[in-house]
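**Student:** Next comes start_18.cif, mmCIF, C-alpha atoms and all ligand atoms:
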```
data_input
loop_
_atom_site.group_PDB
_atom_site.id
_atom_site.type_symbol
_atom_site.label_atom_id
_atom_site.label_comp_id
_atom_site.auth_asym_id
_atom_site.auth_seq_id
_atom_site.Cartn_x
_atom_site.Cartn_y
_atom_site.Cartn_z
ATOM 1 C CA ASN A 1 2.964 -0.681 17.371
ATOM 2 C CA PHE A 2 0.312 0.929 19.581
ATOM 3 C CA ASP A 3 -3.152 0.092 18.315
ATOM 4 C CA ARG A 4 -2.327 0.301 14.625
ATOM 5 C CA THR A 5 -3.329 -3.014 13.054
ATOM 6 C CA PRO A 6 -0.428 -4.173 10.866
ATOM 7 C CA LEU A 7 -1.232 -4.220 7.149
ATOM 8 C CA ILE A 8 0.466 -6.676 4.816
ATOM 9 C CA ALA A 9 -0.275 -5.568 1.258
ATOM 10 C CA GLY A 10 0.537 -7.341 -2.002
ATOM 11 C CA ASN A 11 0.885 -5.313 -5.200
ATOM 12 C CA TRP A 12 0.545 -7.680 -8.143
ATOM 13 C CA LYS A 13 1.399 -4.905 -10.620
ATOM 14 C CA MET A 14 0.617 -5.924 -14.237
ATOM 15 C CA ASN A 15 0.865 -9.632 -13.474
ATOM 16 C CA MET A 16 -1.861 -12.289 -13.184
ATOM 17 C CA ASP A 17 -4.751 -12.218 -15.635
ATOM 18 C CA HIS A 18 -8.195 -12.822 -14.149
ATOM 19 C CA VAL A 19 -7.809 -16.609 -14.323
ATOM 20 C CA GLN A 20 -4.303 -16.666 -12.819
ATOM 21 C CA GLY A 21 -5.405 -14.134 -10.232
ATOM 22 C CA ILE A 22 -8.149 -16.393 -8.898
ATOM 23 C CA THR A 23 -5.749 -19.328 -8.640
ATOM 24 C CA LEU A 24 -3.250 -17.198 -6.716
ATOM 25 C CA LEU A 25 -5.925 -15.848 -4.399
ATOM 26 C CA GLN A 26 -7.325 -19.327 -3.692
ATOM 27 C CA LYS A 27 -3.844 -20.598 -2.842
ATOM 28 C CA LEU A 28 -3.265 -17.624 -0.591
ATOM 29 C CA ALA A 29 -6.597 -18.108 1.170
ATOM 30 C CA TRP A 30 -5.905 -21.828 1.728
ATOM 31 C CA THR A 31 -2.404 -21.202 3.025
ATOM 32 C CA LEU A 32 -3.513 -18.512 5.441
ATOM 33 C CA SER A 33 -6.446 -20.571 6.645
ATOM 34 C CA ASP A 34 -4.211 -23.650 7.164
ATOM 35 C CA ALA A 35 -1.944 -21.430 9.230
ATOM 36 C CA ARG A 36 -5.008 -20.161 11.142
ATOM 37 C CA HIS A 37 -4.084 -16.618 10.276
ATOM 38 C CA ASP A 38 -5.765 -14.123 12.596
ATOM 39 C CA PHE A 39 -6.971 -11.372 10.274
ATOM 40 C CA SER A 40 -8.123 -9.212 13.157
ATOM 41 C CA ARG A 41 -4.508 -9.031 14.338
ATOM 42 C CA VAL A 42 -2.756 -8.732 10.978
ATOM 43 C CA GLU A 43 -4.702 -7.382 8.020
ATOM 44 C CA VAL A 44 -3.893 -8.766 4.564
ATOM 45 C CA ALA A 45 -4.742 -6.961 1.327
ATOM 46 C CA VAL A 46 -4.044 -7.643 -2.328
ATOM 47 C CA PHE A 47 -3.915 -5.185 -5.220
ATOM 48 C CA PRO A 48 -4.640 -7.104 -8.444
ATOM 49 C CA PRO A 49 -5.029 -5.588 -11.925
ATOM 50 C CA PHE A 50 -8.438 -3.946 -12.517
ATOM 51 C CA THR A 51 -9.565 -6.799 -14.766
ATOM 52 C CA ASP A 52 -9.209 -9.240 -11.845
ATOM 53 C CA LEU A 53 -11.217 -7.273 -9.309
ATOM 54 C CA ARG A 54 -14.670 -8.625 -10.148
ATOM 55 C CA GLY A 55 -13.400 -12.204 -9.815
ATOM 56 C CA VAL A 56 -11.610 -11.351 -6.591
ATOM 57 C CA GLN A 57 -14.811 -9.844 -5.204
ATOM 58 C CA THR A 58 -16.816 -12.941 -6.119
ATOM 59 C CA LEU A 59 -14.293 -15.244 -4.451
ATOM 60 C CA VAL A 60 -13.860 -13.123 -1.336
ATOM 61 C CA GLN A 61 -17.591 -12.635 -0.828
ATOM 62 C CA GLY A 62 -18.570 -16.193 -1.804
ATOM 63 C CA ASP A 63 -16.051 -17.811 0.532
ATOM 64 C CA LYS A 64 -16.385 -15.112 3.179
ATOM 65 C CA LEU A 65 -12.642 -14.538 3.098
ATOM 66 C CA LYS A 66 -11.353 -11.835 5.369
ATOM 67 C CA LEU A 67 -8.884 -10.627 2.771
ATOM 68 C CA ALA A 68 -9.108 -7.005 1.721
ATOM 69 C CA TYR A 69 -8.399 -5.908 -1.829
ATOM 70 C CA GLY A 70 -7.994 -2.759 -3.809
ATOM 71 C CA GLY A 71 -7.112 -1.137 -7.112
ATOM 72 C CA GLN A 72 -3.608 -0.125 -8.150
ATOM 73 C CA ASP A 73 -4.715 3.348 -9.254
ATOM 74 C CA LEU A 74 -7.837 5.460 -9.710
ATOM 75 C CA SER A 75 -8.921 8.506 -11.665
ATOM 76 C CA ALA A 76 -9.070 11.913 -10.028
ATOM 77 C CA GLN A 77 -12.554 12.168 -11.593
ATOM 78 C CA ASP A 78 -15.636 10.162 -10.645
ATOM 79 C CA SER A 79 -17.174 9.629 -14.107
ATOM 80 C CA GLY A 80 -17.303 11.017 -17.611
ATOM 81 C CA ALA A 81 -15.187 11.329 -20.735
ATOM 82 C CA TYR A 82 -11.927 9.934 -19.356
ATOM 83 C CA THR A 83 -11.187 7.031 -21.684
ATOM 84 C CA GLY A 84 -9.176 4.276 -20.080
ATOM 85 C CA ASP A 85 -9.524 5.597 -16.535
ATOM 86 C CA ILE A 86 -11.177 3.881 -13.588
ATOM 87 C CA SER A 87 -13.309 5.739 -11.078
ATOM 88 C CA GLY A 88 -13.054 5.426 -7.311
ATOM 89 C CA ALA A 89 -16.837 4.963 -7.349
ATOM 90 C CA PHE A 90 -16.373 1.789 -9.417
ATOM 91 C CA LEU A 91 -13.759 0.502 -6.994
ATOM 92 C CA ASN A 92 -16.076 1.176 -4.077
ATOM 93 C CA LYS A 93 -18.880 -0.697 -5.800
ATOM 94 C CA LEU A 94 -16.576 -3.706 -6.282
ATOM 95 C CA GLY A 95 -15.898 -3.799 -2.555
ATOM 96 C CA CYS A 96 -12.391 -2.347 -2.679
ATOM 97 C CA ALA A 97 -11.286 -1.218 0.761
ATOM 98 C CA TYR A 98 -8.100 0.380 -0.566
ATOM 99 C CA VAL A 99 -6.494 1.921 -3.618
ATOM 100 C CA LEU A 100 -2.810 2.558 -4.304
ATOM 101 C CA VAL A 101 -2.068 6.177 -5.169
ATOM 102 C CA GLY A 102 1.233 7.383 -6.576
ATOM 103 C CA HIS A 103 3.163 4.140 -6.802
ATOM 104 C CA SER A 104 6.624 5.029 -8.100
ATOM 105 C CA GLU A 105 5.815 3.260 -11.366
ATOM 106 C CA ARG A 106 2.839 5.600 -11.854
ATOM 107 C CA ARG A 107 4.958 8.629 -10.904
ATOM 108 C CA GLU A 108 7.747 7.610 -13.299
ATOM 109 C CA ILE A 109 6.107 5.896 -16.249
ATOM 110 C CA HIS A 110 2.937 8.014 -16.302
ATOM 111 C CA GLN A 111 4.540 11.197 -14.980
ATOM 112 C CA GLU A 112 1.898 11.550 -12.277
ATOM 113 C CA SER A 113 2.532 14.792 -10.429
ATOM 114 C CA ASP A 114 2.131 15.470 -6.728
ATOM 115 C CA GLU A 115 -0.798 17.741 -7.582
ATOM 116 C CA LEU A 116 -2.595 15.025 -9.553
ATOM 117 C CA LEU A 117 -1.923 12.506 -6.794
ATOM 118 C CA ASN A 118 -3.436 14.839 -4.233
ATOM 119 C CA SER A 119 -6.588 14.941 -6.399
ATOM 120 C CA LYS A 120 -6.565 11.142 -6.533
ATOM 121 C CA VAL A 121 -6.248 10.895 -2.741
ATOM 122 C CA LYS A 122 -9.278 13.176 -2.440
ATOM 123 C CA ALA A 123 -11.174 11.170 -5.083
ATOM 124 C CA ALA A 124 -10.520 8.020 -3.056
ATOM 125 C CA TYR A 125 -11.945 9.590 0.107
ATOM 126 C CA ARG A 126 -14.888 11.035 -1.807
ATOM 127 C CA ASN A 127 -15.731 7.465 -2.827
ATOM 128 C CA GLU A 128 -15.051 5.899 0.553
ATOM 129 C CA VAL A 129 -12.011 3.925 -0.526
ATOM 130 C CA THR A 130 -8.914 4.294 1.666
ATOM 131 C CA PRO A 131 -5.887 5.532 -0.260
ATOM 132 C CA VAL A 132 -2.456 3.977 0.194
ATOM 133 C CA LEU A 133 -0.286 6.921 -0.754
ATOM 134 C CA CYS A 134 3.148 5.834 -1.950
ATOM 135 C CA ALA A 135 6.210 8.039 -1.628
ATOM 136 C CA GLY A 136 9.945 7.555 -1.739
ATOM 137 C CA GLU A 137 13.214 8.677 -3.267
ATOM 138 C CA GLY A 138 15.302 7.443 -6.177
ATOM 139 C CA LEU A 139 18.926 6.396 -5.896
ATOM 140 C CA GLU A 140 20.443 9.772 -6.787
ATOM 141 C CA ILE A 141 18.464 11.514 -4.091
ATOM 142 C CA ARG A 142 19.398 8.854 -1.550
ATOM 143 C CA GLN A 143 23.063 9.281 -2.468
ATOM 144 C CA ALA A 144 22.765 13.050 -2.173
ATOM 145 C CA GLY A 145 21.356 12.550 1.328
ATOM 146 C CA THR A 146 18.148 14.517 0.705
ATOM 147 C CA HIS A 147 15.819 11.482 0.824
ATOM 148 C CA VAL A 148 13.921 12.588 3.925
ATOM 149 C CA GLU A 149 13.162 16.062 2.559
ATOM 150 C CA HIS A 150 12.212 14.605 -0.814
ATOM 151 C CA THR A 151 9.823 12.019 0.604
ATOM 152 C CA LEU A 152 8.255 14.442 3.082
ATOM 153 C CA ALA A 153 7.574 16.876 0.233
ATOM 154 C CA GLN A 154 5.707 14.114 -1.618
ATOM 155 C CA VAL A 155 3.742 13.277 1.534
ATOM 156 C CA ARG A 156 2.865 16.926 2.238
ATOM 157 C CA ALA A 157 1.637 17.407 -1.315
ATOM 158 C CA GLY A 158 -0.314 14.154 -1.235
ATOM 159 C CA VAL A 159 -2.216 14.923 1.970
ATOM 160 C CA ALA A 160 -2.854 18.618 1.309
ATOM 161 C CA GLY A 161 -6.405 19.603 2.170
ATOM 162 C CA LEU A 162 -7.307 16.408 4.022
ATOM 163 C CA THR A 163 -9.130 16.584 7.321
ATOM 164 C CA ALA A 164 -7.520 15.080 10.421
ATOM 165 C CA GLU A 165 -10.229 12.433 10.381
ATOM 166 C CA GLN A 166 -9.223 11.410 6.866
ATOM 167 C CA ALA A 167 -5.503 11.490 7.663
ATOM 168 C CA ALA A 168 -6.076 9.151 10.608
ATOM 169 C CA THR A 169 -7.368 6.427 8.275
ATOM 170 C CA LEU A 170 -4.799 7.078 5.554
ATOM 171 C CA VAL A 171 -2.086 4.559 4.771
ATOM 172 C CA ILE A 172 1.276 5.872 3.581
ATOM 173 C CA ALA A 173 3.803 3.511 2.001
ATOM 174 C CA TYR A 174 7.444 4.543 2.050
ATOM 175 C CA GLU A 175 9.009 2.900 -0.964
ATOM 176 C CA PRO A 176 12.567 3.893 -1.828
ATOM 177 C CA VAL A 177 12.617 3.478 -5.607
ATOM 178 C CA TRP A 178 16.125 1.967 -5.541
ATOM 179 C CA ALA A 179 14.781 -0.906 -3.427
ATOM 180 C CA ILE A 180 11.751 -1.755 -5.590
ATOM 181 C CA GLY A 181 12.132 -4.981 -7.533
ATOM 182 C CA THR A 182 15.919 -4.781 -7.201
ATOM 183 C CA GLY A 183 16.476 -7.283 -4.404
ATOM 184 C CA GLU A 184 18.149 -4.444 -2.543
ATOM 185 C CA VAL A 185 16.178 -3.949 0.636
ATOM 186 C CA ALA A 186 16.534 -0.827 2.741
ATOM 187 C CA GLY A 187 17.803 -1.580 6.223
ATOM 188 C CA PRO A 188 15.167 -1.712 8.955
ATOM 189 C CA GLU A 189 16.771 1.430 10.374
ATOM 190 C CA ASP A 190 16.282 3.224 7.026
ATOM 191 C CA ALA A 191 12.604 2.236 7.043
ATOM 192 C CA GLN A 192 12.283 3.425 10.639
ATOM 193 C CA GLU A 193 14.108 6.709 9.956
ATOM 194 C CA MET A 194 11.675 7.599 7.191
ATOM 195 C CA CYS A 195 8.527 6.362 8.892
ATOM 196 C CA ALA A 196 9.422 8.329 12.028
ATOM 197 C CA ALA A 197 10.016 11.423 9.890
ATOM 198 C CA ILE A 198 6.666 10.967 8.139
ATOM 199 C CA ARG A 199 4.879 10.548 11.464
ATOM 200 C CA ALA A 200 6.554 13.688 12.842
ATOM 201 C CA GLU A 201 5.419 15.543 9.729
ATOM 202 C CA LEU A 202 1.836 14.333 10.282
ATOM 203 C CA VAL A 203 1.990 15.712 13.833
ATOM 204 C CA GLU A 204 2.919 19.102 12.345
ATOM 205 C CA LEU A 205 0.297 18.960 9.590
ATOM 206 C CA PHE A 206 -2.519 17.534 11.723
ATOM 207 C CA ASP A 207 -2.010 16.633 15.385
ATOM 208 C CA ALA A 208 -0.357 13.966 17.536
ATOM 209 C CA GLU A 209 -3.504 11.926 17.983
ATOM 210 C CA THR A 210 -4.051 11.737 14.231
ATOM 211 C CA ALA A 211 -0.415 10.922 13.502
ATOM 212 C CA ALA A 212 -0.536 8.074 16.020
ATOM 213 C CA LYS A 213 -3.329 6.466 13.998
ATOM 214 C CA THR A 214 -1.977 6.754 10.442
ATOM 215 C CA ARG A 215 -0.481 3.472 9.272
ATOM 216 C CA LEU A 216 2.933 3.672 7.653
ATOM 217 C CA LEU A 217 4.219 0.848 5.472
ATOM 218 C CA TYR A 218 7.643 0.056 4.081
ATOM 219 C CA GLY A 219 7.977 -1.330 0.545
ATOM 220 C CA GLY A 220 10.974 -2.499 -1.452
ATOM 221 C CA SER A 221 12.142 -6.114 -1.891
ATOM 222 C CA VAL A 222 10.342 -7.364 1.218
ATOM 223 C CA LYS A 223 10.521 -11.145 1.608
ATOM 224 C CA ALA A 224 9.637 -13.618 4.335
ATOM 225 C CA ASN A 225 13.246 -13.622 5.513
ATOM 226 C CA ASN A 226 13.548 -9.853 6.038
ATOM 227 C CA VAL A 227 10.022 -8.835 7.050
ATOM 228 C CA GLY A 228 10.475 -9.632 10.749
ATOM 229 C CA ALA A 229 13.276 -7.130 11.277
ATOM 230 C CA ILE A 230 11.392 -4.438 9.349
ATOM 231 C CA MET A 231 8.145 -5.004 11.258
ATOM 232 C CA ALA A 232 10.016 -4.816 14.562
ATOM 233 C CA GLU A 233 10.619 -1.110 13.960
ATOM 234 C CA ARG A 234 8.414 1.111 16.031
ATOM 235 C CA ASP A 235 6.950 3.333 13.307
ATOM 236 C CA VAL A 236 6.580 0.656 10.634
ATOM 237 C CA ASP A 237 3.003 -0.644 10.616
ATOM 238 C CA GLY A 238 3.133 -2.930 7.627
ATOM 239 C CA VAL A 239 4.711 -3.702 4.287
ATOM 240 C CA LEU A 240 3.838 -3.260 0.624
ATOM 241 C CA VAL A 241 5.133 -6.256 -1.295
ATOM 242 C CA GLY A 242 5.578 -6.520 -5.059
ATOM 243 C CA GLY A 243 7.422 -9.538 -6.455
ATOM 244 C CA ALA A 244 7.055 -11.749 -3.387
ATOM 245 C CA SER A 245 3.266 -11.273 -3.355
ATOM 246 C CA LEU A 246 2.993 -13.355 -6.548
ATOM 247 C CA ASP A 247 4.002 -16.474 -4.623
ATOM 248 C CA ALA A 248 1.165 -17.487 -2.296
ATOM 249 C CA GLY A 249 3.430 -19.397 0.111
ATOM 250 C CA GLU A 250 5.979 -16.620 0.373
ATOM 251 C CA PHE A 251 3.340 -13.914 0.783
ATOM 252 C CA ALA A 252 1.525 -15.962 3.428
ATOM 253 C CA ASN A 253 4.829 -16.293 5.288
ATOM 254 C CA ILE A 254 5.277 -12.536 5.101
ATOM 255 C CA ALA A 255 1.801 -12.114 6.609
ATOM 256 C CA ARG A 256 2.872 -14.491 9.380
ATOM 257 C CA PHE A 257 5.905 -12.353 10.210
ATOM 258 C CA GLU A 258 5.367 -12.809 13.922
ATOM 259 C CA SER A 259 5.670 -16.582 13.887
HETATM 260 C C1 LIG A 301 6.182 -2.534 -5.002
HETATM 261 O O1 LIG A 301 5.922 -2.712 -6.170
HETATM 262 O O2 LIG A 301 5.464 -1.794 -4.337
HETATM 263 C C2 LIG A 301 7.331 -3.243 -4.420
HETATM 264 C C3 LIG A 301 7.698 -2.929 -3.209
HETATM 265 O O3 LIG A 301 7.950 -4.207 -5.203
HETATM 266 P P1 LIG A 301 9.044 -5.300 -4.723
HETATM 267 O O4 LIG A 301 8.539 -5.910 -3.443
HETATM 268 O O5 LIG A 301 9.091 -6.294 -5.845
HETATM 269 O O6 LIG A 301 10.335 -4.583 -4.510
#
```
Take the structure I supplied and represent it as structure tokens, if you would.

**Tutor:**
Amino acid sequence: NFDRTPLIAGNWKMNMDHVQGITLLQKLAWTLSDARHDFSRVEVAVFPPFTDLRGVQTLVQGDKLKLAYGGQDLSAQDSGAYTGDISGAFLNKLGCAYVLVGHSERREIHQESDELLNSKVKAAYRNEVTPVLCAGEGLEIRQAGTHVEHTLAQVRAGVAGLTAEQAATLVIAYEPVWAIGTGEVAGPEDAQEMCAAIRAELVELFDAETAAKTRLLYGGSVKANNVGAIMAERDVDGVLVGGASLDAGEFANIARFES
């Protein structure tokens, strides 16, 4: 897919305490190194719970692992009286390359609005952490046939006010909510339809050169046995994996989608 390095991202959600997280990460690192995974060709990132990040940093730095990692959310603010929130500055200091913004579980369970998520995207850039902006429609919207409009509206709101330079480094994950954790995977052509629509929208909002650089991921019940077909689509530059990222062998096989 042009010169966009594929990104295979694992969202652990609220699974794996800091002890379990280290075990999982060690297994993943061993499996990928046994398979001689070429990280310069296919980037791998994990998104553990906040409480795991310090341990992940220690392991990654100590063993010089080429794995990237990030937070599952961040505050729109950088510091202050925001009890329970985590600042992008803290994530940066822990070596996080990425942060998820607007995962459907945040949008639904925490009622995070498009406006708030746009502030979080900006907070991520302000702190030099690359946001992975998640967007996607629920089942009713899919059935009504307005999924493209719906998802593009989320994307437009999320990227409002960004510079072209920022948009070029942005990662956008298309995650149809009906396919998350359900075992129901969108067809590769559904992933391509949406990623192509998002890229076309980025051309309108920014320019063609920028849109050609933005990485677009698909997420929703990705497994080792369906990742190949999804990654073969021209506008799909990676996958965001939930459930299957908790199994080191399975996730490593997803990262090795080409073999
Ligand atoms: C996700 O949580 O981003 C996700 C895609 O989950 P799953 O792979 O389990 O559907």

**Student:** I need the residue nearest A:Ala244 from this list: A:Lys223, A:Arg142, A:Lys27, A:Lys64. Use all atoms listed in the file for the distance.

**Tutor:**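 Nearest candidate to A:Ala244 out of A:Lys223, A:Arg142, A:Lys27, A:Lys64: A:Lys223.
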
**Student:** Could you give me the residues within 7 Å of ligand LIG 301 (chain A), counting all atoms listed in the file, as a PyMOL selection string?

**Tutor:** chain A and resi 11+13+103+175+179-183+219-222+240-244

**Student:** Rank nothing, just name the residue among A:Cys96, A:Cys195, A:Ala208, A:Leu133 nearest to A:Asp235, using only C-alpha atoms.

**Tutor:**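 The closest residue to A:Asp235 is A:Cys195.
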
**Student:** Which residues are close to A:Cys134, i.e. within 8 Å by all atoms listed in the file, leaving aside same-chain residues fewer than 4 positions away? Reply as an NGL selection string.

**Tutor:** :A and (100-104 or 172-175)

**Student:** Between atom CA of A:Gly95 and atom CA of A:Tyr125, what is the spacing in Å?

**Tutor:**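 A separation of 14.2 Å between them.
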
**Student:** Can you measure atom CA of A:Ala97 to atom CA of A:Leu67 for me? One decimal in Å is fine.

**Tutor:** 9.9 Å

**Student:** Which residue out of A:Leu53, A:Ile198, A:Ala123, A:Ala167 has the minimum interatomic distance to A:Tyr69 when all atoms listed in the file are used?

**Tutor:** A:Leu53

**Student:** Compile the contact shell of stretch 224-228 of chain A as a PDB file with C-alpha atoms, keeping the file's coordinate frame: residues with an atom at most 7 Å away, counting all atoms listed in the file, same-chain residues fewer than 4 positions apart removed.

**Tutor:**
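This is the output file part.pdb:
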```pdb
ATOM      1  CA  ALA A 232      10.016  -4.816  14.562  1.00  0.00           C
ATOM      2  CA  GLU A 250       5.979 -16.620   0.373  1.00  0.00           C
ATOM      3  CA  ASN A 253       4.829 -16.293   5.288  1.00  0.00           C
ATOM      4  CA  ILE A 254       5.277 -12.536   5.101  1.00  0.00           C
ATOM      5  CA  PHE A 257       5.905 -12.353  10.210  1.00  0.00           C
ATOM      6  CA  GLU A 258       5.367 -12.809  13.922  1.00  0.00           C
TER       7      GLU A 258
END
```
